[in-house]
file model.cif (mmCIF, C-alpha atoms)
data_start
#
loop_
_atom_site.label_atom_id
_atom_site.label_comp_id
_atom_site.auth_asym_id
_atom_site.auth_seq_id
_atom_site.Cartn_x
_atom_site.Cartn_y
_atom_site.Cartn_z
CA MET A 1 0.00 0.00 0.00
CA VAL A 2 3.04 2.29 0.25
CA LYS A 3 4.83 3.32 -2.93
CA GLU A 4 8.38 4.60 -3.29
CA GLY A 5 8.65 8.12 -1.84
CA ASP A 6 5.27 8.00 -0.06
CA CYS A 7 5.04 9.53 3.42
CA VAL A 8 3.76 7.44 6.33
CA ALA A 9 2.65 9.28 9.47
CA ILE A 10 2.56 7.41 12.77
CA PHE A 11 0.38 8.69 15.61
CA ASN A 12 0.61 6.00 18.31
CA SER A 13 -3.01 6.57 19.31
CA ILE A 14 -6.10 5.10 17.68
CA HIS A 15 -8.15 8.17 18.59
CA ARG A 16 -5.62 10.64 17.22
CA VAL A 17 -5.16 8.76 13.95
CA MET A 18 -8.94 8.55 13.47
CA GLN A 19 -9.31 12.26 14.24
CA ALA A 20 -6.53 13.03 11.79
CA GLU A 21 -8.15 10.92 9.06
CA LYS A 22 -11.49 12.66 9.57
CA LEU A 23 -9.88 16.11 9.47
CA LEU A 24 -7.84 15.43 6.32
CA LYS A 25 -10.69 13.73 4.45
CA GLY A 26 -12.95 16.65 5.38
CA ARG A 27 -10.48 18.88 3.55
CA HIS A 28 -10.40 16.49 0.57
CA LEU A 29 -6.68 15.86 0.93
CA PRO A 30 -5.40 12.71 -0.82
CA ILE A 31 -4.62 10.52 2.20
CA LEU A 32 -5.33 6.91 3.12
CA LEU A 33 -5.53 5.26 6.52
CA ILE A 34 -3.42 2.10 6.24
CA PRO A 35 -2.08 -0.65 8.50
CA ALA A 36 1.24 0.61 9.86
CA PRO A 37 4.05 -1.07 7.91
CA ARG A 38 5.67 -3.85 9.91
CA ALA A 39 9.03 -2.13 9.74
CA LEU A 40 7.62 0.74 11.80
CA THR A 41 6.30 0.29 15.27
CA ALA A 42 2.98 1.88 16.02
CA GLU A 43 1.03 1.02 19.12
CA CYS A 44 -2.30 1.39 17.34
CA GLY A 45 -1.12 -0.41 14.21
CA LEU A 46 -2.45 2.30 11.91
CA ALA A 47 -0.83 5.05 9.91
CA ILE A 48 -1.75 7.71 7.36
CA ARG A 49 -0.22 7.56 3.91
CA TYR A 50 0.18 10.53 1.57
CA ALA A 51 2.26 11.46 -1.44
CA PRO A 52 5.28 13.74 -0.91
CA ASP A 53 3.66 16.54 -2.93
CA ALA A 54 0.76 16.61 -0.44
CA ARG A 55 3.03 16.65 2.59
CA GLU A 56 2.97 20.37 3.26
CA LEU A 57 -0.82 20.66 3.03
CA VAL A 58 -1.38 17.54 5.16
CA GLU A 59 1.04 18.46 7.90
CA ASP A 60 -0.03 22.12 7.98
CA ALA A 61 -3.64 20.98 8.49
CA LEU A 62 -2.61 18.56 11.24
CA ARG A 63 -0.42 21.16 12.95
CA ALA A 64 -3.21 23.74 12.98
CA GLU A 65 -5.47 21.26 14.80
CA GLY A 66 -2.82 20.03 17.22
CA LEU A 67 -2.80 16.59 15.59
CA MET A 68 0.81 16.34 14.45
CA PRO A 69 1.98 12.73 14.13
CA GLU A 70 4.59 11.31 16.48
CA GLU A 71 6.80 10.43 13.54
CA VAL A 72 6.79 10.70 9.75
CA TYR A 73 8.68 8.32 7.47
CA ALA A 74 9.34 8.19 3.74
CA LYS A 75 9.57 4.93 1.84
CA ASN A 76 13.01 4.55 0.32
CA GLY A 77 13.50 1.22 -1.44
CA GLU A 78 12.80 -1.51 1.12
CA GLU A 79 13.37 0.87 4.02
CA TYR A 80 11.61 3.71 5.76
CA VAL A 81 13.59 6.86 6.46
CA LYS A 82 12.49 9.13 9.30
CA ILE A 83 11.73 12.58 7.92
CA GLY A 84 9.76 14.13 10.75
CA MET B 85 2.66 -29.40 -22.80
CA ASN B 86 -0.57 -27.38 -22.60
CA THR B 87 -0.40 -23.76 -23.69
CA ILE B 88 -2.80 -21.07 -22.56
CA ASP B 89 -2.93 -17.62 -24.10
CA CYS B 90 -3.41 -14.85 -21.54
CA ARG B 91 -2.41 -12.00 -23.85
CA ASP B 92 -4.84 -9.11 -24.12
CA MET B 93 -6.26 -10.01 -20.70
CA ALA B 94 -6.57 -7.22 -18.13
CA CYS B 95 -5.03 -7.79 -14.68
CA PRO B 96 -5.77 -9.75 -12.56
CA LEU B 97 -7.27 -12.16 -15.10
CA PRO B 98 -3.90 -13.64 -16.22
CA VAL B 99 -3.01 -14.66 -12.64
CA VAL B 100 -6.48 -16.05 -11.98
CA THR B 101 -6.42 -18.02 -15.25
CA VAL B 102 -2.95 -19.43 -14.55
CA ARG B 103 -3.90 -20.38 -10.98
CA ARG B 104 -6.86 -22.39 -12.28
CA ALA B 105 -4.82 -23.96 -15.08
CA LEU B 106 -2.08 -25.03 -12.64
CA ALA B 107 -4.67 -26.65 -10.36
CA GLU B 108 -6.07 -28.58 -13.34
CA ALA B 109 -2.59 -29.47 -14.63
CA ALA B 110 -1.98 -31.38 -11.35
CA GLY B 111 1.80 -31.08 -11.40
CA LYS B 112 2.35 -31.07 -15.17
CA PRO B 113 4.26 -28.16 -16.72
CA LEU B 114 2.35 -25.41 -18.42
CA ARG B 115 3.22 -22.84 -21.11
CA VAL B 116 1.55 -19.46 -20.66
CA LEU B 117 1.59 -16.57 -23.14
CA VAL B 118 1.39 -13.16 -21.47
CA ASP B 119 1.85 -9.51 -22.35
CA ASP B 120 4.99 -7.81 -21.09
CA GLY B 121 4.67 -5.54 -18.03
CA PRO B 122 2.34 -6.21 -15.08
CA PRO B 123 0.77 -9.44 -16.50
CA ARG B 124 4.23 -10.99 -16.98
CA GLU B 125 5.48 -9.78 -13.58
CA ASN B 126 2.32 -10.82 -11.70
CA VAL B 127 2.14 -14.31 -13.22
CA SER B 128 5.86 -14.94 -12.63
CA ARG B 129 5.70 -13.73 -9.02
CA TYR B 130 2.60 -15.80 -8.28
CA CYS B 131 4.23 -18.96 -9.70
CA VAL B 132 7.57 -18.46 -7.92
CA ASN B 133 5.76 -17.76 -4.62
CA HIS B 134 3.95 -21.06 -5.04
CA GLY B 135 7.11 -23.08 -5.55
CA HIS B 136 7.22 -23.24 -9.36
CA THR B 137 10.23 -22.45 -11.49
CA VAL B 138 9.54 -20.14 -14.42
CA THR B 139 11.49 -19.94 -17.65
CA GLU B 140 10.81 -16.98 -19.91
CA GLU B 141 11.05 -16.77 -23.66
CA ARG B 142 10.50 -13.54 -25.59
CA LEU B 143 7.97 -13.69 -28.42
CA ASP B 144 7.14 -11.25 -31.21
CA SER B 145 4.14 -10.32 -29.12
CA GLY B 146 4.63 -10.75 -25.37
CA TYR B 147 6.37 -13.56 -23.52
CA ALA B 148 6.00 -17.31 -23.17
CA LEU B 149 6.43 -18.49 -19.60
CA VAL B 150 7.14 -22.17 -19.08
CA ILE B 151 5.97 -23.01 -15.59
CA ALA B 152 7.39 -26.19 -14.16
CA GLY B 153 5.03 -28.35 -12.17
CA VAL B 154 5.25 -28.75 -8.42
CA ALA B 155 5.53 -32.17 -6.81
CA ALA B 156 2.29 -33.30 -5.25
CA GLU B 157 3.61 -33.23 -1.68
CA THR B 158 4.83 -29.64 -2.07
CA ALA B 159 1.52 -28.54 -3.52
CA ALA B 160 -0.25 -30.37 -0.72
CA SER B 161 1.72 -28.52 1.94
CA VAL B 162 0.58 -25.20 0.49
CA SER B 163 -3.09 -26.09 0.38
CA PRO B 164 -3.85 -29.27 2.29
CA THR B 165 -7.54 -29.70 1.62
CA GLY B 166 -8.70 -27.20 -0.96
CA PRO B 167 -8.89 -23.47 -1.53
CA THR B 168 -8.99 -20.96 1.29
CA VAL B 169 -12.07 -18.79 0.95
CA LEU B 170 -12.87 -15.51 2.66
CA LEU B 171 -16.57 -14.64 2.85
CA VAL B 172 -17.06 -10.96 3.62
CA THR B 173 -20.69 -10.37 4.62
CA SER B 174 -20.48 -6.77 5.74
CA ASP B 175 -18.55 -3.57 5.14
CA ARG B 176 -17.66 -3.64 8.86
CA LEU B 177 -15.67 -6.07 10.98
CA GLY B 178 -17.39 -7.10 14.18
CA ASP B 179 -20.16 -5.51 16.21
CA GLY B 180 -19.77 -2.23 17.98
CA PRO B 181 -19.29 1.33 16.81
CA GLU B 182 -19.84 1.65 13.06
CA GLU B 183 -16.76 3.83 12.58
CA LEU B 184 -14.52 1.31 14.31
CA GLY B 185 -16.04 -1.59 12.38
CA ARG B 186 -15.35 0.06 9.03
CA LEU B 187 -11.81 0.90 10.06
CA LEU B 188 -11.13 -2.67 11.20
CA MET B 189 -12.47 -4.20 7.98
CA LYS B 190 -10.31 -1.88 5.90
CA ASN B 191 -7.30 -2.63 8.07
CA PHE B 192 -7.86 -6.39 7.91
CA LEU B 193 -8.17 -6.57 4.13
CA MET B 194 -5.13 -4.36 3.58
CA THR B 195 -3.14 -6.48 6.03
CA LEU B 196 -3.76 -9.54 3.82
CA LEU B 197 -1.28 -7.99 1.39
CA ASP B 198 1.45 -8.53 3.99
CA MET B 199 0.70 -12.25 4.30
CA THR B 200 2.93 -14.80 2.59
CA GLU B 201 -0.16 -16.73 1.51
CA VAL B 202 -3.14 -14.75 0.27
CA PRO B 203 -6.61 -16.40 0.17
CA ASP B 204 -7.58 -18.22 -3.02
CA ARG B 205 -11.04 -16.66 -3.19
CA LEU B 206 -12.61 -13.58 -1.67
CA PHE B 207 -16.41 -13.24 -1.88
CA PHE B 208 -18.27 -10.07 -1.00
CA VAL B 209 -21.96 -10.33 -0.14
CA ASN B 210 -24.54 -7.96 1.38
CA THR B 211 -22.94 -4.61 2.33
CA GLY B 212 -19.54 -6.24 1.80
CA VAL B 213 -19.92 -5.56 -1.95
CA LEU B 214 -19.63 -1.84 -1.25
CA LEU B 215 -15.96 -2.43 -0.43
CA ALA B 216 -15.24 -3.38 -4.04
CA THR B 217 -17.10 -0.51 -5.66
CA GLU B 218 -16.29 3.05 -6.69
CA GLY B 219 -15.46 5.30 -3.77
CA SER B 220 -14.18 2.47 -1.56
CA GLU B 221 -10.69 3.00 -0.20
CA LEU B 222 -10.11 -0.72 -0.57
CA VAL B 223 -10.21 -0.85 -4.36
CA GLU B 224 -6.42 -0.42 -4.63
CA ALA B 225 -5.77 -3.22 -2.10
CA LEU B 226 -8.30 -5.56 -3.75
CA VAL B 227 -6.72 -5.06 -7.17
CA GLN B 228 -3.32 -5.83 -5.62
CA LEU B 229 -4.74 -8.98 -4.00
CA GLY B 230 -6.07 -9.97 -7.42
CA ASN B 231 -2.60 -9.54 -8.87
CA ARG B 232 -1.23 -11.80 -6.11
CA GLY B 233 -3.65 -14.57 -7.13
CA THR B 234 -6.77 -14.00 -5.07
CA GLU B 235 -9.95 -14.28 -7.13
CA VAL B 236 -12.15 -11.41 -5.94
CA SER B 237 -15.89 -11.69 -6.62
CA SER B 238 -18.97 -9.76 -5.55
CA CYS B 239 -22.54 -11.04 -5.32
CA GLY B 240 -24.59 -9.80 -8.29
CA ILE B 241 -27.87 -9.68 -6.35
CA CYS B 242 -26.24 -7.49 -3.73
CA LEU B 243 -24.70 -5.14 -6.30
CA ASP B 244 -28.12 -4.78 -7.93
CA PHE B 245 -29.80 -4.17 -4.59
CA PHE B 246 -27.48 -1.25 -3.92
CA ASN B 247 -27.56 -0.12 -7.60
CA ARG B 248 -23.77 -0.54 -7.72
CA ARG B 249 -23.26 -3.14 -10.46
CA ASP B 250 -21.84 -0.56 -12.89
CA LYS B 251 -19.63 0.83 -10.12
CA LEU B 252 -17.72 -2.39 -9.42
CA ARG B 253 -14.01 -1.47 -9.49
CA ALA B 254 -12.26 -4.63 -8.23
CA GLY B 255 -12.88 -8.24 -9.16
CA THR B 256 -15.89 -9.64 -10.98
CA VAL B 257 -19.60 -10.25 -10.47
CA THR B 258 -20.58 -13.72 -9.31
CA ASN B 259 -23.78 -15.62 -8.49
CA MET B 260 -25.03 -17.62 -5.52
CA PHE B 261 -24.44 -20.94 -7.30
CA THR B 262 -20.71 -20.23 -7.56
CA ILE B 263 -20.55 -18.90 -4.00
CA ALA B 264 -22.36 -21.94 -2.58
CA GLU B 265 -20.33 -24.43 -4.61
CA THR B 266 -17.04 -22.80 -3.67
CA LEU B 267 -17.90 -22.68 0.04
CA LEU B 268 -18.89 -26.34 0.07
CA THR B 269 -15.72 -27.50 -1.67
CA ALA B 270 -13.31 -25.16 0.16
CA GLY B 271 -10.45 -26.35 2.34
CA SER B 272 -11.24 -23.60 4.80
CA VAL B 273 -13.75 -20.78 4.96
CA VAL B 274 -13.20 -17.63 6.95
CA ARG B 275 -16.38 -15.61 7.44
CA LEU B 276 -16.14 -11.93 8.28
#
call {"tool": "encode", "arguments": {"input": "model.cif", "output": "structure tokens"}}
result
Amino acid sequence: MVKEGDCVAIFNSIHRVMQAEKLLKGRHLPILLIPAPRALTAECGLAIRYAPDARELVEDALRAEGLMPEEVYAKNGEEYVKIG
Amino acid sequence: MNTIDCRDMACPLPVVTVRRALAEAAGKPLRVLVDDGPPRENVSRYCVNHGHTVTEERLDSGYALVIAGVAAETAASVSPTGPTVLLVTSDRLGDGPEELGRLLMKNFLMTLLDMTEVPDRLFFVNTGVLLATEGSELVEALVQLGNRGTEVSSCGICLDFFNRRDKLRAGTVTNMFTIAETLLTAGSVVRL
């Protein structure tokens, strides 16, 4: 479900990730709630995926609502690189 | 050696056709003609993941893949008693809050992509069919499952009930005869 270069935001809280999904979908931003990739640990097992070109809009919206993710990763080959 | 022509077939039909042909071939080798690109990659990956060796030969149009048979005992260890079938009867997983149920169903079906062995068949009935239609966030995952060898089918009566037959975006339409027959001959059935 995660393509090369995609961003994966980890929230470590089921309620926060659901709130974040609702907020971003309400603003018609191109995101998808996905199972957290196995390589990343997330207590709630869920993450939000978005393309790098949507990163600024997504994270600005989350920041404004106090819903910034704990960590953000980018898919790089078989690995995930922490970018936030 | 039997040859089947899967050229000009849209994904995931080549994988589904090859899976059926291999089951019927019962260990005998098979020659499959496929278009280059995703059909060739998907068929090769499916066969290698299921223990076959694949030899490729370039043709004027597409590729010929010679798929070596698998010894009976190896095939048996993959699927001991018959196909694994998932019957999805709702667009939610479990009872409880609707929002949580939808989230869990989505999460479960996407997680199947991380499994070494994907189910052989996936049937959607009742509100489950909505998961395979336009607007569902699962369409991408279901198409990927199809490319991995899962045959995805939705109940035609249910699609008609919801007026969604022309909005089906993953898998094919099926009928109750096929669903009933497949369930009764399955090795294992998982109902969601």
call {"tool": "resolve_selection", "arguments": {"input": "model.cif", "expression": "the PyMOL selection byres ((chain B and resi 139) around 9)", "output": "PyMOL selection string"}}
result
chain B and resi 137-138+140-141+148-152
call {"tool": "write_last_selection", "arguments": {"input": "model.cif", "atoms": "C-alpha atoms", "output": "PDB file, keeping the file's coordinate frame"}}
result
ATOM      1  CA  THR B 137      10.230 -22.450 -11.490  1.00  0.00           C
ATOM      2  CA  VAL B 138       9.540 -20.140 -14.420  1.00  0.00           C
ATOM      3  CA  GLU B 140      10.810 -16.980 -19.910  1.00  0.00           C
ATOM      4  CA  GLU B 141      11.050 -16.770 -23.660  1.00  0.00           C
ATOM      5  CA  ALA B 148       6.000 -17.310 -23.170  1.00  0.00           C
ATOM      6  CA  LEU B 149       6.430 -18.490 -19.600  1.00  0.00           C
ATOM      7  CA  VAL B 150       7.140 -22.170 -19.080  1.00  0.00           C
ATOM      8  CA  ILE B 151       5.970 -23.010 -15.590  1.00  0.00           C
ATOM      9  CA  ALA B 152       7.390 -26.190 -14.160  1.00  0.00           C
TER      10      ALA B 152
END
call {"tool": "residues_around", "arguments": {"input": "model.cif", "residues": "Leu23 (chain A)", "least_positions_apart": "3", "cutoff": "10 Å", "atoms": "all atoms listed in the file", "output": "CSV table (one decimal) with C-alpha atoms, keeping the file's coordinate frame"}}
result
chain,number,residue,atom,x,y,z
A,17,VAL,CA,-5.2,8.8,14.0
A,18,MET,CA,-8.9,8.6,13.5
A,19,GLN,CA,-9.3,12.3,14.2
A,20,ALA,CA,-6.5,13.0,11.8
A,26,GLY,CA,-13.0,16.6,5.4
A,27,ARG,CA,-10.5,18.9,3.6
A,28,HIS,CA,-10.4,16.5,0.6
A,29,LEU,CA,-6.7,15.9,0.9
A,58,VAL,CA,-1.4,17.5,5.2
A,61,ALA,CA,-3.6,21.0,8.5
A,62,LEU,CA,-2.6,18.6,11.2
A,65,GLU,CA,-5.5,21.3,14.8
A,67,LEU,CA,-2.8,16.6,15.6
call {"tool": "resolve_selection", "arguments": {"input": "model.cif", "expression": "the PyMOL selection byres ((chain A) within 7 of (chain B))", "output": "list in words"}}
result
Met1, Ile34 and Pro35 of chain A
call {"tool": "write_last_selection", "arguments": {"input": "model.cif", "atoms": "C-alpha atoms", "output": "PDB file, keeping the file's coordinate frame"}}
result
ATOM      1  CA  MET A   1       0.000   0.000   0.000  1.00  0.00           C
ATOM      2  CA  ILE A  34      -3.420   2.100   6.240  1.00  0.00           C
ATOM      3  CA  PRO A  35      -2.080  -0.650   8.500  1.00  0.00           C
TER       4      PRO A  35
END
call {"tool": "closest_residue", "arguments": {"input": "model.cif", "among": "A:Ile31, A:Leu24, A:Val81, A:Met68", "to": "Asp53 (chain A)", "atoms": "all atoms listed in the file"}}
result
A:Ile31
call {"tool": "resolve_selection", "arguments": {"input": "model.cif", "expression": "the PyMOL selection byres ((chain A and resi 80) around 12)", "output": "PyMOL selection string"}}
result
chain A and resi 2-9+36-41+71-79+81-84
call {"tool": "atom_distance", "arguments": {"input": "model.cif", "atom1": "CA of Ala270 (chain B)", "atom2": "CA of Thr165 (chain B)"}}
result
7.5 Å
call {"tool": "closest_atom_pairs", "arguments": {"input": "model.cif", "of": "region 159-223 of chain B", "to": "region 243-264 of chain B", "cutoff": "6 Å", "atoms": "all atoms listed in the file", "output": "JSON lines"}}
result
{"residue": "B:Ala216", "atom": "CA", "partner": "B:Ala254", "partner_atom": "CA", "distance": 5.3}
{"residue": "B:Thr217", "atom": "CA", "partner": "B:Leu252", "partner_atom": "CA", "distance": 4.2}
{"residue": "B:Glu218", "atom": "CA", "partner": "B:Lys251", "partner_atom": "CA", "distance": 5.3}
{"residue": "B:Val223", "atom": "CA", "partner": "B:Ala254", "partner_atom": "CA", "distance": 5.8}
call {"tool": "atom_distance", "arguments": {"input": "model.cif", "atom1": "CA of Leu206 (chain B)", "atom2": "CA of Gly271 (chain B)"}}
result
13.6 Å
call {"tool": "atom_distance", "arguments": {"input": "model.cif", "atom1": "CA of Arg232 (chain B)", "atom2": "CA of Ala105 (chain B)"}}
result
15.5 Å
call {"tool": "residues_around", "arguments": {"input": "model.cif", "residues": "Pro203 (chain B)", "least_positions_apart": "2", "cutoff": "10 Å", "atoms": "only C-alpha atoms", "output": "list in words"}}
result
Pro167, Thr168, Val169, Leu170, Leu196, Met199, Thr200, Glu201, Arg205, Leu206, Leu229, Gly230, Arg232, Gly233, Thr234, Glu235, Val236, Ser272, Val273 and Val274 of chain B
call {"tool": "write_last_selection", "arguments": {"input": "model.cif", "atoms": "C-alpha atoms", "output": "PDB file, in the coordinates of the input"}}
result
ATOM      1  CA  PRO B 167      -8.890 -23.470  -1.530  1.00  0.00           C
ATOM      2  CA  THR B 168      -8.990 -20.960   1.290  1.00  0.00           C
ATOM      3  CA  VAL B 169     -12.070 -18.790   0.950  1.00  0.00           C
ATOM      4  CA  LEU B 170     -12.870 -15.510   2.660  1.00  0.00           C
ATOM      5  CA  LEU B 196      -3.760  -9.540   3.820  1.00  0.00           C
ATOM      6  CA  MET B 199       0.700 -12.250   4.300  1.00  0.00           C
ATOM      7  CA  THR B 200       2.930 -14.800   2.590  1.00  0.00           C
ATOM      8  CA  GLU B 201      -0.160 -16.730   1.510  1.00  0.00           C
ATOM      9  CA  ARG B 205     -11.040 -16.660  -3.190  1.00  0.00           C
ATOM     10  CA  LEU B 206     -12.610 -13.580  -1.670  1.00  0.00           C
ATOM     11  CA  LEU B 229      -4.740  -8.980  -4.000  1.00  0.00           C
ATOM     12  CA  GLY B 230      -6.070  -9.970  -7.420  1.00  0.00           C
ATOM     13  CA  ARG B 232      -1.230 -11.800  -6.110  1.00  0.00           C
ATOM     14  CA  GLY B 233      -3.650 -14.570  -7.130  1.00  0.00           C
ATOM     15  CA  THR B 234      -6.770 -14.000  -5.070  1.00  0.00           C
ATOM     16  CA  GLU B 235      -9.950 -14.280  -7.130  1.00  0.00           C
ATOM     17  CA  VAL B 236     -12.150 -11.410  -5.940  1.00  0.00           C
ATOM     18  CA  SER B 272     -11.240 -23.600   4.800  1.00  0.00           C
ATOM     19  CA  VAL B 273     -13.750 -20.780   4.960  1.00  0.00           C
ATOM     20  CA  VAL B 274     -13.200 -17.630   6.950  1.00  0.00           C
TER      21      VAL B 274
END
call {"tool": "residues_around", "arguments": {"input": "model.cif", "residues": "Ala109 (chain B)", "least_positions_apart": "6", "cutoff": "10 Å", "atoms": "all atoms listed in the file", "output": "ChimeraX atom specification"}}
result
/B:85-86,103,153
call {"tool": "residues_near_point", "arguments": {"input": "model.cif", "point": "(-1.7, 1.9, 18.2)", "cutoff": "12 Å", "atoms": "all atoms listed in the file", "output": "JSON list (two decimals) with C-alpha atoms, in the coordinates of the input"}}
result
[["chain", "number", "residue", "atom", "x", "y", "z"],
["A", 10, "ILE", "CA", 2.56, 7.41, 12.77],
["A", 11, "PHE", "CA", 0.38, 8.69, 15.61],
["A", 12, "ASN", "CA", 0.61, 6.00, 18.31],
["A", 13, "SER", "CA", -3.01, 6.57, 19.31],
["A", 14, "ILE", "CA", -6.10, 5.10, 17.68],
["A", 15, "HIS", "CA", -8.15, 8.17, 18.59],
["A", 16, "ARG", "CA", -5.62, 10.64, 17.22],
["A", 17, "VAL", "CA", -5.16, 8.76, 13.95],
["A", 18, "MET", "CA", -8.94, 8.55, 13.47],
["A", 35, "PRO", "CA", -2.08, -0.65, 8.50],
["A", 36, "ALA", "CA", 1.24, 0.61, 9.86],
["A", 40, "LEU", "CA", 7.62, 0.74, 11.80],
["A", 41, "THR", "CA", 6.30, 0.29, 15.27],
["A", 42, "ALA", "CA", 2.98, 1.88, 16.02],
["A", 43, "GLU", "CA", 1.03, 1.02, 19.12],
["A", 44, "CYS", "CA", -2.30, 1.39, 17.34],
["A", 45, "GLY", "CA", -1.12, -0.41, 14.21],
["A", 46, "LEU", "CA", -2.45, 2.30, 11.91],
["A", 47, "ALA", "CA", -0.83, 5.05, 9.91],
["A", 70, "GLU", "CA", 4.59, 11.31, 16.48]]
call {"tool": "closest_residue", "arguments": {"input": "model.cif", "among": "B:Leu276, B:Val202, B:Leu226, B:Leu268", "to": "His134 (chain B)", "atoms": "all atoms listed in the file"}}
result
B:Val202
call {"tool": "residues_near_point", "arguments": {"input": "model.cif", "point": "(-5.8, -11.0, -14.6)", "cutoff": "10 Å", "atoms": "all atoms listed in the file", "output": "list of chain:residue names"}}
result
B:Cys90, B:Arg91, B:Asp92, B:Met93, B:Ala94, B:Cys95, B:Pro96, B:Leu97, B:Pro98, B:Val99, B:Val100, B:Thr101, B:Val102, B:Pro122, B:Pro123, B:Asn126, B:Val127, B:Val227, B:Gly230, B:Asn231, B:Arg232, B:Gly233, B:Glu235, B:Gly255
call {"tool": "decode", "arguments": {"input": "model.cif", "residues": "region 110-130 of chain B", "atoms": "N, CA and C atoms", "output": "mmCIF file, in the first residue's frame"}}
result
data_model
loop_
_atom_site.group_PDB
_atom_site.id
_atom_site.type_symbol
_atom_site.label_atom_id
_atom_site.label_comp_id
_atom_site.auth_asym_id
_atom_site.auth_seq_id
_atom_site.Cartn_x
_atom_site.Cartn_y
_atom_site.Cartn_z
ATOM 1 N N ALA B 110 -2.367 -30.391 -12.368
ATOM 2 C CA ALA B 110 -1.984 -31.384 -11.354
ATOM 3 C C ALA B 110 -0.511 -31.775 -11.430
ATOM 4 N N GLY B 111 0.367 -30.787 -11.468
ATOM 5 C CA GLY B 111 1.798 -31.078 -11.403
ATOM 6 C C GLY B 111 2.495 -31.102 -12.744
ATOM 7 N N LYS B 112 1.720 -31.074 -13.837
ATOM 8 C CA LYS B 112 2.353 -31.068 -15.171
ATOM 9 C C LYS B 112 2.774 -29.643 -15.526
ATOM 10 N N PRO B 113 3.842 -29.518 -16.343
ATOM 11 C CA PRO B 113 4.257 -28.163 -16.718
ATOM 12 C C PRO B 113 3.239 -27.490 -17.637
ATOM 13 N N LEU B 114 3.332 -26.188 -17.678
ATOM 14 C CA LEU B 114 2.352 -25.405 -18.418
ATOM 15 C C LEU B 114 3.081 -24.279 -19.146
ATOM 16 N N ARG B 115 2.635 -23.966 -20.360
ATOM 17 C CA ARG B 115 3.221 -22.840 -21.106
ATOM 18 C C ARG B 115 2.154 -21.755 -21.182
ATOM 19 N N VAL B 116 2.523 -20.556 -20.733
ATOM 20 C CA VAL B 116 1.548 -19.458 -20.664
ATOM 21 C C VAL B 116 2.062 -18.280 -21.482
ATOM 22 N N LEU B 117 1.216 -17.750 -22.351
ATOM 23 C CA LEU B 117 1.589 -16.573 -23.139
ATOM 24 C C LEU B 117 0.998 -15.345 -22.458
ATOM 25 N N VAL B 118 1.857 -14.366 -22.171
ATOM 26 C CA VAL B 118 1.392 -13.157 -21.473
ATOM 27 C C VAL B 118 1.972 -11.913 -22.133
ATOM 28 N N ASP B 119 1.299 -10.795 -21.914
ATOM 29 C CA ASP B 119 1.846 -9.510 -22.349
ATOM 30 C C ASP B 119 2.977 -9.123 -21.410
ATOM 31 N N ASP B 120 3.907 -8.318 -21.942
ATOM 32 C CA ASP B 120 4.994 -7.811 -21.091
ATOM 33 C C ASP B 120 4.408 -6.793 -20.102
ATOM 34 N N GLY B 121 5.140 -6.511 -19.025
ATOM 35 C CA GLY B 121 4.665 -5.542 -18.030
ATOM 36 C C GLY B 121 3.983 -6.259 -16.870
ATOM 37 N N PRO B 122 2.971 -5.623 -16.273
ATOM 38 C CA PRO B 122 2.339 -6.205 -15.081
ATOM 39 C C PRO B 122 1.843 -7.648 -15.257
ATOM 40 N N PRO B 123 1.214 -8.034 -16.400
ATOM 41 C CA PRO B 123 0.775 -9.438 -16.498
ATOM 42 C C PRO B 123 1.948 -10.413 -16.360
ATOM 43 N N ARG B 124 3.054 -10.115 -17.057
ATOM 44 C CA ARG B 124 4.234 -10.993 -16.984
ATOM 45 C C ARG B 124 4.784 -11.023 -15.551
ATOM 46 N N GLU B 125 4.920 -9.840 -14.941
ATOM 47 C CA GLU B 125 5.481 -9.778 -13.577
ATOM 48 C C GLU B 125 4.569 -10.485 -12.579
ATOM 49 N N ASN B 126 3.259 -10.242 -12.678
ATOM 50 C CA ASN B 126 2.322 -10.821 -11.700
ATOM 51 C C ASN B 126 2.256 -12.345 -11.803
ATOM 52 N N VAL B 127 2.222 -12.847 -13.039
ATOM 53 C CA VAL B 127 2.138 -14.307 -13.219
ATOM 54 C C VAL B 127 3.426 -14.963 -12.718
ATOM 55 N N SER B 128 4.576 -14.373 -13.080
ATOM 56 C CA SER B 128 5.859 -14.937 -12.631
ATOM 57 C C SER B 128 5.946 -14.951 -11.112
ATOM 58 N N ARG B 129 5.592 -13.829 -10.488
ATOM 59 C CA ARG B 129 5.696 -13.734 -9.022
ATOM 60 C C ARG B 129 4.771 -14.746 -8.349
ATOM 61 N N TYR B 130 3.546 -14.851 -8.868
ATOM 62 C CA TYR B 130 2.597 -15.802 -8.278
ATOM 63 C C TYR B 130 3.176 -17.223 -8.341
#
